[in-house]
Amino acid sequence: MNKPTILVVEDDTPVRNLITTTLKTHEYKYLTAPKGSDAILLASSHNPDVVFLDLGLPDMDGVDIIRQIRSWSNMPIIVISARSEDEDKIQALDAGADDYLTKPFSVEELLARLRVTVRRLSLMNSDNGADSSVYTNGKLKIDYSAGCAFLDEEEMKLTPIEYKLLCLLAKNTGKVLTHTYITQNIWGRSWDNDIASLRVFMVTLRKKLEAIPGSPQYIQTHIGIGYRMVKAEP
Ligand code: CA
């Protein structure tokens with residue numbers, strides 16, 4: 001795809017300038033909105049490819065902006081918030097945000113998140129996207145119609161829950177899924193016990209999936225928030 005257009009929603013001028021300068025240096029196109037109302041307007045009128053959204057805006061709650069955008073669009077939304085606001089990040093992810101950046105962040109982090117999101121976007125737009133019946137990522141292959149997964153051409157011996165978990169993460173590659181989102185999808189509820197079980201299943205899944213479970217290649221842990229499947233380096 002062509003260089004995507006990014007909508008930067010941030011009321012803090014120095015942070016906004018840091019983001020736009022970085023985008024400009026890397027030849028991304030961008031639009032800026034210092035307020036939530038401008039963000040909604042620009043998101044609907046210009047249909048940007050990616051949104052960077054500060055959660056603490058003067059006129060609107062960032063989570064409400066996500067809900068509004070999600071009512072008509074799947075455009076990737078990367079939330080920006082302070083470290084102390086984990087609860088807000090979780091709410092934002094559950095409302096449909098794709099990823100988050102924690103303030104203060106480095107230019108490298110910003111660009112890395114953007115690259116992951118753009119890759120996910122082109123994956124979604126290509127024929128090998130979420131609707132394809134075979135998923136491949138590095139040495140991992142999932143045949144959704146046959147209901148089995150392979151690692152390095154060898155069938156993985158997964159329990160039904162592990163398989164469900166792997167598919168859920170794979171179908172959302174590049175996106176951070178919260179504990180609540182995952183347990184709702186796997187067990188249809190989200191009790192404290194389910195989140196504890198999720199951790200256990202994640203350990204057993206990683207043992208089967210990752211060459212070095214302590215340094216995972218496929219599934220990232222976001223402490224206190226959730227998990228994300230990433231594209232494995234070739
Ligand atoms: Ca702010």
# chains A, B, ... in the order shown; residues from 1 in each chain; ligands from 1
call {"tool": "residues_around", "arguments": {"residues": "Thr221 of chain A", "least_positions_apart": "6", "cutoff": "12 Å", "atoms": "only C-alpha atoms", "output": "CSV table (one decimal) with N, CA and C atoms, in the first residue's frame"}}
result
chain,number,residue,atom,x,y,z
A,169,LEU,N,-5.8,-15.5,18.8
A,169,LEU,CA,-4.6,-14.6,18.7
A,169,LEU,C,-4.2,-14.4,17.3
A,175,LYS,N,-2.7,-7.2,17.0
A,175,LYS,CA,-3.6,-6.5,17.9
A,175,LYS,C,-3.4,-7.0,19.3
A,176,VAL,N,-3.4,-6.0,20.3
A,176,VAL,CA,-3.3,-6.4,21.7
A,176,VAL,C,-4.7,-6.8,22.2
A,177,LEU,N,-4.9,-8.1,22.6
A,177,LEU,CA,-6.2,-8.5,23.2
A,177,LEU,C,-6.1,-8.5,24.7
A,178,THR,N,-7.1,-7.9,25.3
A,178,THR,CA,-7.1,-7.9,26.8
A,178,THR,C,-7.5,-9.2,27.4
A,179,HIS,N,-7.1,-9.5,28.6
A,179,HIS,CA,-7.5,-10.7,29.3
A,179,HIS,C,-9.0,-10.9,29.3
A,199,ARG,N,-3.7,-17.7,32.1
A,199,ARG,CA,-2.3,-17.7,32.3
A,199,ARG,C,-1.7,-19.1,32.2
A,202,MET,N,-1.8,-20.3,28.6
A,202,MET,CA,-0.8,-19.5,27.9
A,202,MET,C,0.6,-20.2,28.1
A,203,VAL,N,0.9,-20.6,29.3
A,203,VAL,CA,2.2,-21.3,29.6
A,203,VAL,C,2.3,-22.6,28.8
A,206,ARG,N,2.6,-21.9,25.0
A,206,ARG,CA,3.9,-21.4,24.6
A,206,ARG,C,4.9,-22.5,24.6
A,213,PRO,N,10.5,-20.6,25.3
A,213,PRO,CA,9.2,-20.0,25.9
A,213,PRO,C,9.5,-18.7,26.7
A,214,GLY,N,10.7,-18.6,27.3
A,214,GLY,CA,11.0,-17.4,28.1
A,214,GLY,C,11.3,-16.2,27.2
A,215,SER,N,11.5,-16.4,25.9
A,215,SER,CA,11.7,-15.3,25.0
A,215,SER,C,10.9,-15.5,23.7
A,227,TYR,N,-2.4,-10.1,25.8
A,227,TYR,CA,-1.5,-10.7,24.9
A,227,TYR,C,-1.7,-10.3,23.4
A,228,ARG,N,-0.6,-10.5,22.7
A,228,ARG,CA,-0.7,-10.1,21.3
A,228,ARG,C,0.2,-11.1,20.4
A,229,MET,N,-0.4,-11.6,19.4
A,229,MET,CA,0.3,-12.4,18.4
A,229,MET,C,1.1,-11.4,17.5
A,230,VAL,N,2.3,-11.6,17.3
A,230,VAL,CA,3.1,-10.8,16.3
A,230,VAL,C,3.6,-11.6,15.2
call {"tool": "residues_near_ligand", "arguments": {"ligand": "ligand 1", "cutoff": "10 Å", "atoms": "only C-alpha atoms and all ligand atoms", "output": "PyMOL selection string"}}
result
chain A and resi 9-13+15-16+34-35+53-58+62+80-82
call {"tool": "write_last_selection", "arguments": {"atoms": "N, CA, C and O atoms", "output": "short mmCIF file (atom, residue, chain, number, x, y, z; two decimals), in the first residue's frame"}}
result
data_model
loop_
_atom_site.label_atom_id
_atom_site.label_comp_id
_atom_site.auth_asym_id
_atom_site.auth_seq_id
_atom_site.Cartn_x
_atom_site.Cartn_y
_atom_site.Cartn_z
N VAL A 9 -4.43 12.64 17.18
CA VAL A 9 -5.35 13.32 18.09
C VAL A 9 -4.62 13.52 19.42
O VAL A 9 -4.39 12.55 20.15
N GLU A 10 -4.26 14.74 19.71
CA GLU A 10 -3.47 15.02 20.91
C GLU A 10 -3.60 16.50 21.24
O GLU A 10 -3.39 17.35 20.37
N ASP A 11 -3.97 16.82 22.48
CA ASP A 11 -4.13 18.23 22.86
C ASP A 11 -2.81 18.85 23.33
O ASP A 11 -2.66 20.07 23.35
N ASP A 12 -1.86 18.02 23.71
CA ASP A 12 -0.59 18.50 24.23
C ASP A 12 0.32 18.86 23.05
O ASP A 12 0.78 17.97 22.32
N THR A 13 0.57 20.16 22.86
CA THR A 13 1.28 20.61 21.66
C THR A 13 2.67 19.99 21.50
O THR A 13 2.99 19.51 20.41
N VAL A 15 3.85 17.13 22.51
CA VAL A 15 3.71 15.71 22.13
C VAL A 15 3.22 15.61 20.69
O VAL A 15 3.72 14.80 19.90
N ARG A 16 2.25 16.46 20.36
CA ARG A 16 1.71 16.43 18.99
C ARG A 16 2.80 16.75 17.98
O ARG A 16 2.93 16.11 16.94
N PRO A 34 -6.61 18.61 17.84
CA PRO A 34 -6.31 18.85 19.25
C PRO A 34 -7.47 18.50 20.18
O PRO A 34 -7.30 18.49 21.39
N LYS A 35 -8.62 18.20 19.61
CA LYS A 35 -9.81 17.91 20.43
C LYS A 35 -10.55 16.69 19.88
O LYS A 35 -10.43 16.35 18.71
N LEU A 53 -4.43 8.19 19.13
CA LEU A 53 -5.43 8.86 19.96
C LEU A 53 -4.99 9.01 21.40
O LEU A 53 -4.83 8.02 22.12
N ASP A 54 -4.79 10.26 21.82
CA ASP A 54 -4.53 10.54 23.23
C ASP A 54 -5.84 10.33 23.99
O ASP A 54 -6.90 10.78 23.55
N LEU A 55 -5.77 9.61 25.11
CA LEU A 55 -7.01 9.33 25.84
C LEU A 55 -7.49 10.51 26.67
O LEU A 55 -8.67 10.66 26.96
N GLY A 56 -6.54 11.37 27.09
CA GLY A 56 -6.92 12.50 27.94
C GLY A 56 -7.10 13.77 27.13
O GLY A 56 -6.17 14.55 26.97
N LEU A 57 -8.30 13.98 26.61
CA LEU A 57 -8.58 15.16 25.78
C LEU A 57 -9.49 16.11 26.54
O LEU A 57 -10.23 15.69 27.43
N PRO A 58 -9.43 17.40 26.20
CA PRO A 58 -10.20 18.37 26.99
C PRO A 58 -11.72 18.24 26.86
O PRO A 58 -12.44 18.52 27.80
N GLY A 62 -11.63 9.69 25.58
CA GLY A 62 -11.03 8.97 24.46
C GLY A 62 -11.76 7.67 24.13
O GLY A 62 -11.91 7.30 22.96
N ILE A 80 -2.77 6.58 23.07
CA ILE A 80 -1.61 7.13 23.77
C ILE A 80 -2.07 7.52 25.17
O ILE A 80 -3.05 8.25 25.31
N SER A 81 -1.40 6.98 26.19
CA SER A 81 -1.80 7.36 27.54
C SER A 81 -0.63 7.26 28.50
O SER A 81 0.39 6.67 28.17
N ALA A 82 -0.81 7.82 29.68
CA ALA A 82 0.26 7.80 30.69
C ALA A 82 0.36 6.43 31.34
O ALA A 82 -0.60 5.65 31.33
#
call {"tool": "closest_residue", "arguments": {"among": "A:Gly96, A:Gly138, A:Pro4, A:Gly188", "to": "Asn47 of chain A", "atoms": "only C-alpha atoms"}}
result
A:Pro4
call {"tool": "closest_residue", "arguments": {"among": "A:Lys3, A:Lys164, A:Arg113, A:Lys231", "to": "Pro76 of chain A", "atoms": "only C-alpha atoms"}}
result
A:Arg113
call {"tool": "residues_around", "arguments": {"residues": "Gly147 of chain A", "least_positions_apart": "3", "cutoff": "12 Å", "atoms": "only C-alpha atoms", "output": "MDAnalysis selection string"}}
result
chainID A and resid 133:135 141:144 150 155:160 162:164 166:167
call {"tool": "closest_residue", "arguments": {"among": "A:Cys148, A:Leu31, A:Ala39, A:Val50", "to": "Arg119 of chain A", "atoms": "only C-alpha atoms"}}
result
A:Val50
call {"tool": "residues_around", "arguments": {"residues": "segment 108-110 of chain A", "least_positions_apart": "5", "cutoff": "12 Å", "atoms": "only C-alpha atoms", "output": "PDB file with all heavy atoms, in the first residue's frame"}}
result
ATOM      1  N   VAL A   8      -3.578  12.305  13.941  1.00  0.00           N
ATOM      2  CA  VAL A   8      -2.951  12.459  15.256  1.00  0.00           C
ATOM      3  C   VAL A   8      -3.872  13.279  16.149  1.00  0.00           C
ATOM      4  O   VAL A   8      -4.105  14.460  15.897  1.00  0.00           O
ATOM      5  CB  VAL A   8      -1.578  13.165  15.127  1.00  0.00           C
ATOM      6  CG1 VAL A   8      -0.914  13.307  16.491  1.00  0.00           C
ATOM      7  CG2 VAL A   8      -0.671  12.413  14.159  1.00  0.00           C
ATOM      8  N   VAL A  15       3.846  17.135  22.507  1.00  0.00           N
ATOM      9  CA  VAL A  15       3.715  15.711  22.128  1.00  0.00           C
ATOM     10  C   VAL A  15       3.219  15.605  20.692  1.00  0.00           C
ATOM     11  O   VAL A  15       3.720  14.803  19.895  1.00  0.00           O
ATOM     12  CB  VAL A  15       2.755  14.956  23.088  1.00  0.00           C
ATOM     13  CG1 VAL A  15       2.605  13.502  22.665  1.00  0.00           C
ATOM     14  CG2 VAL A  15       3.243  15.041  24.528  1.00  0.00           C
ATOM     15  N   LEU A  18       6.037  16.355  18.384  1.00  0.00           N
ATOM     16  CA  LEU A  18       6.985  15.235  18.318  1.00  0.00           C
ATOM     17  C   LEU A  18       6.468  14.169  17.340  1.00  0.00           C
ATOM     18  O   LEU A  18       7.205  13.673  16.485  1.00  0.00           O
ATOM     19  CB  LEU A  18       7.179  14.612  19.712  1.00  0.00           C
ATOM     20  CG  LEU A  18       7.956  13.295  19.729  1.00  0.00           C
ATOM     21  CD1 LEU A  18       9.434  13.530  19.454  1.00  0.00           C
ATOM     22  CD2 LEU A  18       7.780  12.561  21.059  1.00  0.00           C
ATOM     23  N   ILE A  19       5.177  13.870  17.461  1.00  0.00           N
ATOM     24  CA  ILE A  19       4.600  12.834  16.590  1.00  0.00           C
ATOM     25  C   ILE A  19       4.605  13.285  15.132  1.00  0.00           C
ATOM     26  O   ILE A  19       5.051  12.554  14.247  1.00  0.00           O
ATOM     27  CB  ILE A  19       3.162  12.476  17.029  1.00  0.00           C
ATOM     28  CG1 ILE A  19       3.164  11.928  18.462  1.00  0.00           C
ATOM     29  CG2 ILE A  19       2.535  11.465  16.078  1.00  0.00           C
ATOM     30  CD1 ILE A  19       1.781  11.677  19.042  1.00  0.00           C
ATOM     31  N   THR A  20       4.156  14.511  14.887  1.00  0.00           N
ATOM     32  CA  THR A  20       4.049  14.947  13.484  1.00  0.00           C
ATOM     33  C   THR A  20       5.438  15.104  12.849  1.00  0.00           C
ATOM     34  O   THR A  20       5.615  14.769  11.688  1.00  0.00           O
ATOM     35  CB  THR A  20       3.248  16.255  13.340  1.00  0.00           C
ATOM     36  OG1 THR A  20       3.816  17.257  14.184  1.00  0.00           O
ATOM     37  CG2 THR A  20       1.798  16.047  13.702  1.00  0.00           C
ATOM     38  N   THR A  21       6.420  15.572  13.647  1.00  0.00           N
ATOM     39  CA  THR A  21       7.776  15.699  13.103  1.00  0.00           C
ATOM     40  C   THR A  21       8.312  14.322  12.714  1.00  0.00           C
ATOM     41  O   THR A  21       8.913  14.148  11.646  1.00  0.00           O
ATOM     42  CB  THR A  21       8.729  16.344  14.133  1.00  0.00           C
ATOM     43  OG1 THR A  21       8.132  17.557  14.566  1.00  0.00           O
ATOM     44  CG2 THR A  21      10.087  16.635  13.542  1.00  0.00           C
ATOM     45  N   THR A  22       8.063  13.340  13.586  1.00  0.00           N
ATOM     46  CA  THR A  22       8.506  11.972  13.297  1.00  0.00           C
ATOM     47  C   THR A  22       7.837  11.453  12.030  1.00  0.00           C
ATOM     48  O   THR A  22       8.494  10.868  11.164  1.00  0.00           O
ATOM     49  CB  THR A  22       8.147  11.046  14.480  1.00  0.00           C
ATOM     50  OG1 THR A  22       8.675  11.607  15.666  1.00  0.00           O
ATOM     51  CG2 THR A  22       8.703   9.650  14.276  1.00  0.00           C
ATOM     52  N   LEU A  23       6.537  11.683  11.925  1.00  0.00           N
ATOM     53  CA  LEU A  23       5.811  11.197  10.749  1.00  0.00           C
ATOM     54  C   LEU A  23       6.326  11.862   9.480  1.00  0.00           C
ATOM     55  O   LEU A  23       6.529  11.206   8.459  1.00  0.00           O
ATOM     56  CB  LEU A  23       4.306  11.461  10.909  1.00  0.00           C
ATOM     57  CG  LEU A  23       3.608  10.685  12.037  1.00  0.00           C
ATOM     58  CD1 LEU A  23       2.144  11.098  12.139  1.00  0.00           C
ATOM     59  CD2 LEU A  23       3.703   9.172  11.811  1.00  0.00           C
ATOM     60  N   HIS A  26       9.586  10.552   8.256  1.00  0.00           N
ATOM     61  CA  HIS A  26       9.480   9.236   7.630  1.00  0.00           C
ATOM     62  C   HIS A  26       8.458   9.216   6.502  1.00  0.00           C
ATOM     63  O   HIS A  26       7.961   8.157   6.115  1.00  0.00           O
ATOM     64  CB  HIS A  26       9.188   8.166   8.687  1.00  0.00           C
ATOM     65  CG  HIS A  26      10.371   7.949   9.576  1.00  0.00           C
ATOM     66  ND1 HIS A  26      10.664   8.780  10.629  1.00  0.00           N
ATOM     67  CD2 HIS A  26      11.380   7.054   9.494  1.00  0.00           C
ATOM     68  CE1 HIS A  26      11.796   8.380  11.192  1.00  0.00           C
ATOM     69  NE2 HIS A  26      12.246   7.342  10.528  1.00  0.00           N
ATOM     70  N   PHE A  52      -3.729   7.891  15.848  1.00  0.00           N
ATOM     71  CA  PHE A  52      -3.061   7.965  17.144  1.00  0.00           C
ATOM     72  C   PHE A  52      -3.966   8.787  18.045  1.00  0.00           C
ATOM     73  O   PHE A  52      -4.257   9.937  17.730  1.00  0.00           O
ATOM     74  CB  PHE A  52      -1.696   8.672  17.035  1.00  0.00           C
ATOM     75  CG  PHE A  52      -0.584   7.757  16.609  1.00  0.00           C
ATOM     76  CD1 PHE A  52       0.076   7.960  15.404  1.00  0.00           C
ATOM     77  CD2 PHE A  52      -0.176   6.710  17.419  1.00  0.00           C
ATOM     78  CE1 PHE A  52       1.108   7.119  15.006  1.00  0.00           C
ATOM     79  CE2 PHE A  52       0.849   5.862  17.029  1.00  0.00           C
ATOM     80  CZ  PHE A  52       1.499   6.067  15.826  1.00  0.00           C
ATOM     81  N   ILE A  78      -4.422   3.537  17.620  1.00  0.00           N
ATOM     82  CA  ILE A  78      -3.367   3.335  18.613  1.00  0.00           C
ATOM     83  C   ILE A  78      -3.551   4.391  19.700  1.00  0.00           C
ATOM     84  O   ILE A  78      -3.506   5.593  19.420  1.00  0.00           O
ATOM     85  CB  ILE A  78      -1.963   3.463  17.979  1.00  0.00           C
ATOM     86  CG1 ILE A  78      -1.802   2.461  16.828  1.00  0.00           C
ATOM     87  CG2 ILE A  78      -0.877   3.259  19.037  1.00  0.00           C
ATOM     88  CD1 ILE A  78      -0.519   2.606  16.030  1.00  0.00           C
ATOM     89  N   VAL A  79      -3.784   3.922  20.901  1.00  0.00           N
ATOM     90  CA  VAL A  79      -4.076   4.818  22.005  1.00  0.00           C
ATOM     91  C   VAL A  79      -2.778   5.317  22.638  1.00  0.00           C
ATOM     92  O   VAL A  79      -1.803   4.578  22.707  1.00  0.00           O
ATOM     93  CB  VAL A  79      -4.921   4.017  23.024  1.00  0.00           C
ATOM     94  CG1 VAL A  79      -4.814   4.578  24.404  1.00  0.00           C
ATOM     95  CG2 VAL A  79      -6.354   3.938  22.548  1.00  0.00           C
ATOM     96  N   ILE A  80      -2.772   6.576  23.068  1.00  0.00           N
ATOM     97  CA  ILE A  80      -1.614   7.129  23.770  1.00  0.00           C
ATOM     98  C   ILE A  80      -2.071   7.520  25.166  1.00  0.00           C
ATOM     99  O   ILE A  80      -3.052   8.255  25.313  1.00  0.00           O
ATOM    100  CB  ILE A  80      -1.076   8.384  23.048  1.00  0.00           C
ATOM    101  CG1 ILE A  80      -0.775   8.064  21.581  1.00  0.00           C
ATOM    102  CG2 ILE A  80       0.161   8.922  23.747  1.00  0.00           C
ATOM    103  CD1 ILE A  80      -0.404   9.283  20.769  1.00  0.00           C
ATOM    104  N   ASP A  99      -3.937  -0.990  19.716  1.00  0.00           N
ATOM    105  CA  ASP A  99      -2.625  -1.010  20.361  1.00  0.00           C
ATOM    106  C   ASP A  99      -2.534   0.232  21.241  1.00  0.00           C
ATOM    107  O   ASP A  99      -3.422   1.075  21.232  1.00  0.00           O
ATOM    108  CB  ASP A  99      -1.544  -0.979  19.272  1.00  0.00           C
ATOM    109  CG  ASP A  99      -0.182  -1.439  19.777  1.00  0.00           C
ATOM    110  OD1 ASP A  99      -0.036  -1.687  20.993  1.00  0.00           O
ATOM    111  OD2 ASP A  99       0.740  -1.544  18.957  1.00  0.00           O
ATOM    112  N   TYR A 100      -1.446   0.323  22.014  1.00  0.00           N
ATOM    113  CA  TYR A 100      -1.284   1.500  22.847  1.00  0.00           C
ATOM    114  C   TYR A 100       0.182   1.895  22.940  1.00  0.00           C
ATOM    115  O   TYR A 100       1.075   1.071  22.770  1.00  0.00           O
ATOM    116  CB  TYR A 100      -1.842   1.252  24.250  1.00  0.00           C
ATOM    117  CG  TYR A 100      -1.147   0.105  24.956  1.00  0.00           C
ATOM    118  CD1 TYR A 100       0.007   0.316  25.692  1.00  0.00           C
ATOM    119  CD2 TYR A 100      -1.642  -1.185  24.853  1.00  0.00           C
ATOM    120  CE1 TYR A 100       0.654  -0.736  26.311  1.00  0.00           C
ATOM    121  CE2 TYR A 100      -1.002  -2.236  25.463  1.00  0.00           C
ATOM    122  CZ  TYR A 100       0.140  -2.011  26.190  1.00  0.00           C
ATOM    123  OH  TYR A 100       0.789  -3.048  26.789  1.00  0.00           O
ATOM    124  N   LEU A 101       0.414   3.147  23.213  1.00  0.00           N
ATOM    125  CA  LEU A 101       1.752   3.693  23.456  1.00  0.00           C
ATOM    126  C   LEU A 101       1.680   4.350  24.822  1.00  0.00           C
ATOM    127  O   LEU A 101       0.709   5.035  25.125  1.00  0.00           O
ATOM    128  CB  LEU A 101       2.046   4.790  22.444  1.00  0.00           C
ATOM    129  CG  LEU A 101       2.902   4.493  21.240  1.00  0.00           C
ATOM    130  CD1 LEU A 101       2.932   5.722  20.356  1.00  0.00           C
ATOM    131  CD2 LEU A 101       4.309   4.090  21.625  1.00  0.00           C
ATOM    132  N   THR A 102       2.706   4.127  25.640  1.00  0.00           N
ATOM    133  CA  THR A 102       2.702   4.714  26.967  1.00  0.00           C
ATOM    134  C   THR A 102       3.606   5.936  26.987  1.00  0.00           C
ATOM    135  O   THR A 102       4.743   5.882  26.524  1.00  0.00           O
ATOM    136  CB  THR A 102       3.183   3.668  27.988  1.00  0.00           C
ATOM    137  OG1 THR A 102       2.328   2.530  27.884  1.00  0.00           O
ATOM    138  CG2 THR A 102       3.121   4.205  29.397  1.00  0.00           C
ATOM    139  N   LYS A 103       3.082   7.047  27.516  1.00  0.00           N
ATOM    140  CA  LYS A 103       3.881   8.280  27.659  1.00  0.00           C
ATOM    141  C   LYS A 103       4.813   8.160  28.864  1.00  0.00           C
ATOM    142  O   LYS A 103       4.362   7.651  29.890  1.00  0.00           O
ATOM    143  CB  LYS A 103       2.965   9.484  27.901  1.00  0.00           C
ATOM    144  CG  LYS A 103       2.270  10.010  26.687  1.00  0.00           C
ATOM    145  CD  LYS A 103       1.435  11.227  27.113  1.00  0.00           C
ATOM    146  CE  LYS A 103       0.504  11.663  26.008  1.00  0.00           C
ATOM    147  NZ  LYS A 103      -0.422  12.701  26.440  1.00  0.00           N
ATOM    148  N   ARG A 115       4.547   0.600  12.313  1.00  0.00           N
ATOM    149  CA  ARG A 115       4.887  -0.446  11.338  1.00  0.00           C
ATOM    150  C   ARG A 115       4.049  -1.700  11.558  1.00  0.00           C
ATOM    151  O   ARG A 115       3.522  -2.277  10.607  1.00  0.00           O
ATOM    152  CB  ARG A 115       6.376  -0.794  11.426  1.00  0.00           C
ATOM    153  CG  ARG A 115       7.254   0.112  10.575  1.00  0.00           C
ATOM    154  CD  ARG A 115       8.648  -0.472  10.418  1.00  0.00           C
ATOM    155  NE  ARG A 115       9.313  -0.670  11.692  1.00  0.00           N
ATOM    156  CZ  ARG A 115      10.069   0.251  12.291  1.00  0.00           C
ATOM    157  NH1 ARG A 115      10.247   1.432  11.722  1.00  0.00           N
ATOM    158  NH2 ARG A 115      10.633   0.008  13.435  1.00  0.00           N
ATOM    159  N   VAL A 116       3.908  -2.113  12.839  1.00  0.00           N
ATOM    160  CA  VAL A 116       3.111  -3.302  13.154  1.00  0.00           C
ATOM    161  C   VAL A 116       1.673  -3.101  12.660  1.00  0.00           C
ATOM    162  O   VAL A 116       1.071  -3.979  12.041  1.00  0.00           O
ATOM    163  CB  VAL A 116       3.114  -3.585  14.682  1.00  0.00           C
ATOM    164  CG1 VAL A 116       2.070  -4.632  15.053  1.00  0.00           C
ATOM    165  CG2 VAL A 116       4.496  -4.030  15.135  1.00  0.00           C
ATOM    166  N   THR A 117       1.148  -1.913  12.922  1.00  0.00           N
ATOM    167  CA  THR A 117      -0.238  -1.627  12.562  1.00  0.00           C
ATOM    168  C   THR A 117      -0.427  -1.587  11.046  1.00  0.00           C
ATOM    169  O   THR A 117      -1.407  -2.115  10.527  1.00  0.00           O
ATOM    170  CB  THR A 117      -0.672  -0.304  13.207  1.00  0.00           C
ATOM    171  OG1 THR A 117      -0.463  -0.422  14.604  1.00  0.00           O
ATOM    172  CG2 THR A 117      -2.111   0.015  12.931  1.00  0.00           C
TER     173      THR A 117
END
call {"tool": "select_by_dssp", "arguments": {"residues": "chain A", "states": "alpha helix (DSSP H)", "output": "number ranges by chain"}}
result
A: 13-25, 36-46, 62-70, 86-95, 107-125, 160-171, 179-187, 192-209
call {"tool": "select_by_dssp", "arguments": {"residues": "segment 20-201 of chain A", "states": "strand (DSSP E)", "output": "ChimeraX atom specification"}}
result
/A:29-33,50-54,77-82,99-103,134-137,140-143,148-151,154-155,177-178
call {"tool": "closest_residue", "arguments": {"among": "A:Leu140, A:Ala170, A:Ala97, A:Val107", "to": "Glu154 of chain A", "atoms": "only C-alpha atoms"}}
result
A:Leu140
call {"tool": "closest_residue", "arguments": {"among": "A:Val200, A:Arg70, A:Gly224, A:Ala232", "to": "Ser84 of chain A", "atoms": "only C-alpha atoms"}}
result
A:Gly224
call {"tool": "closest_residue", "arguments": {"among": "A:Ile69, A:Tyr181, A:His46, A:Leu121", "to": "Gln91 of chain A", "atoms": "only C-alpha atoms"}}
result
A:Tyr181
call {"tool": "atom_distance", "arguments": {"atom1": "atom CA of Lys24 of chain A", "atom2": "atom CA of Ser106 of chain A"}}
result
15.6 Å
call {"tool": "decode", "arguments": {"residues": "segment 153-185 of chain A", "atoms": "C-alpha atoms", "output": "PDB file, in the first residue's frame"}}
result
ATOM      1  CA  GLU A 153       5.230 -28.857   9.093  1.00  0.00           C
ATOM      2  CA  GLU A 154       4.573 -31.020  12.142  1.00  0.00           C
ATOM      3  CA  GLU A 155       1.071 -31.156  13.632  1.00  0.00           C
ATOM      4  CA  MET A 156       0.913 -29.528  17.059  1.00  0.00           C
ATOM      5  CA  LYS A 157      -0.724 -31.547  19.814  1.00  0.00           C
ATOM      6  CA  LEU A 158      -3.009 -28.895  21.260  1.00  0.00           C
ATOM      7  CA  THR A 159      -5.886 -29.217  23.686  1.00  0.00           C
ATOM      8  CA  PRO A 160      -9.179 -27.696  22.430  1.00  0.00           C
ATOM      9  CA  ILE A 161      -8.677 -24.620  24.637  1.00  0.00           C
ATOM     10  CA  GLU A 162      -5.088 -24.126  23.474  1.00  0.00           C
ATOM     11  CA  TYR A 163      -6.231 -24.396  19.857  1.00  0.00           C
ATOM     12  CA  LYS A 164      -9.044 -21.882  20.408  1.00  0.00           C
ATOM     13  CA  LEU A 165      -6.616 -19.527  22.092  1.00  0.00           C
ATOM     14  CA  LEU A 166      -4.080 -19.842  19.286  1.00  0.00           C
ATOM     15  CA  CYS A 167      -6.760 -19.166  16.631  1.00  0.00           C
ATOM     16  CA  LEU A 168      -8.113 -16.152  18.489  1.00  0.00           C
ATOM     17  CA  LEU A 169      -4.639 -14.615  18.744  1.00  0.00           C
ATOM     18  CA  ALA A 170      -3.790 -15.506  15.130  1.00  0.00           C
ATOM     19  CA  LYS A 171      -6.995 -13.953  13.775  1.00  0.00           C
ATOM     20  CA  ASN A 172      -6.023 -10.752  15.587  1.00  0.00           C
ATOM     21  CA  THR A 173      -2.317 -10.732  14.696  1.00  0.00           C
ATOM     22  CA  GLY A 174      -0.793  -7.362  15.526  1.00  0.00           C
ATOM     23  CA  LYS A 175      -3.593  -6.450  17.910  1.00  0.00           C
ATOM     24  CA  VAL A 176      -3.342  -6.440  21.710  1.00  0.00           C
ATOM     25  CA  LEU A 177      -6.183  -8.531  23.158  1.00  0.00           C
ATOM     26  CA  THR A 178      -7.095  -7.878  26.789  1.00  0.00           C
ATOM     27  CA  HIS A 179      -7.485 -10.686  29.339  1.00  0.00           C
ATOM     28  CA  THR A 180     -11.207  -9.917  29.478  1.00  0.00           C
ATOM     29  CA  TYR A 181     -11.603 -10.041  25.709  1.00  0.00           C
ATOM     30  CA  ILE A 182      -9.807 -13.387  25.510  1.00  0.00           C
ATOM     31  CA  THR A 183     -11.653 -15.067  28.378  1.00  0.00           C
ATOM     32  CA  GLN A 184     -14.995 -13.779  27.045  1.00  0.00           C
ATOM     33  CA  ASN A 185     -14.186 -15.404  23.728  1.00  0.00           C
TER      34      ASN A 185
END
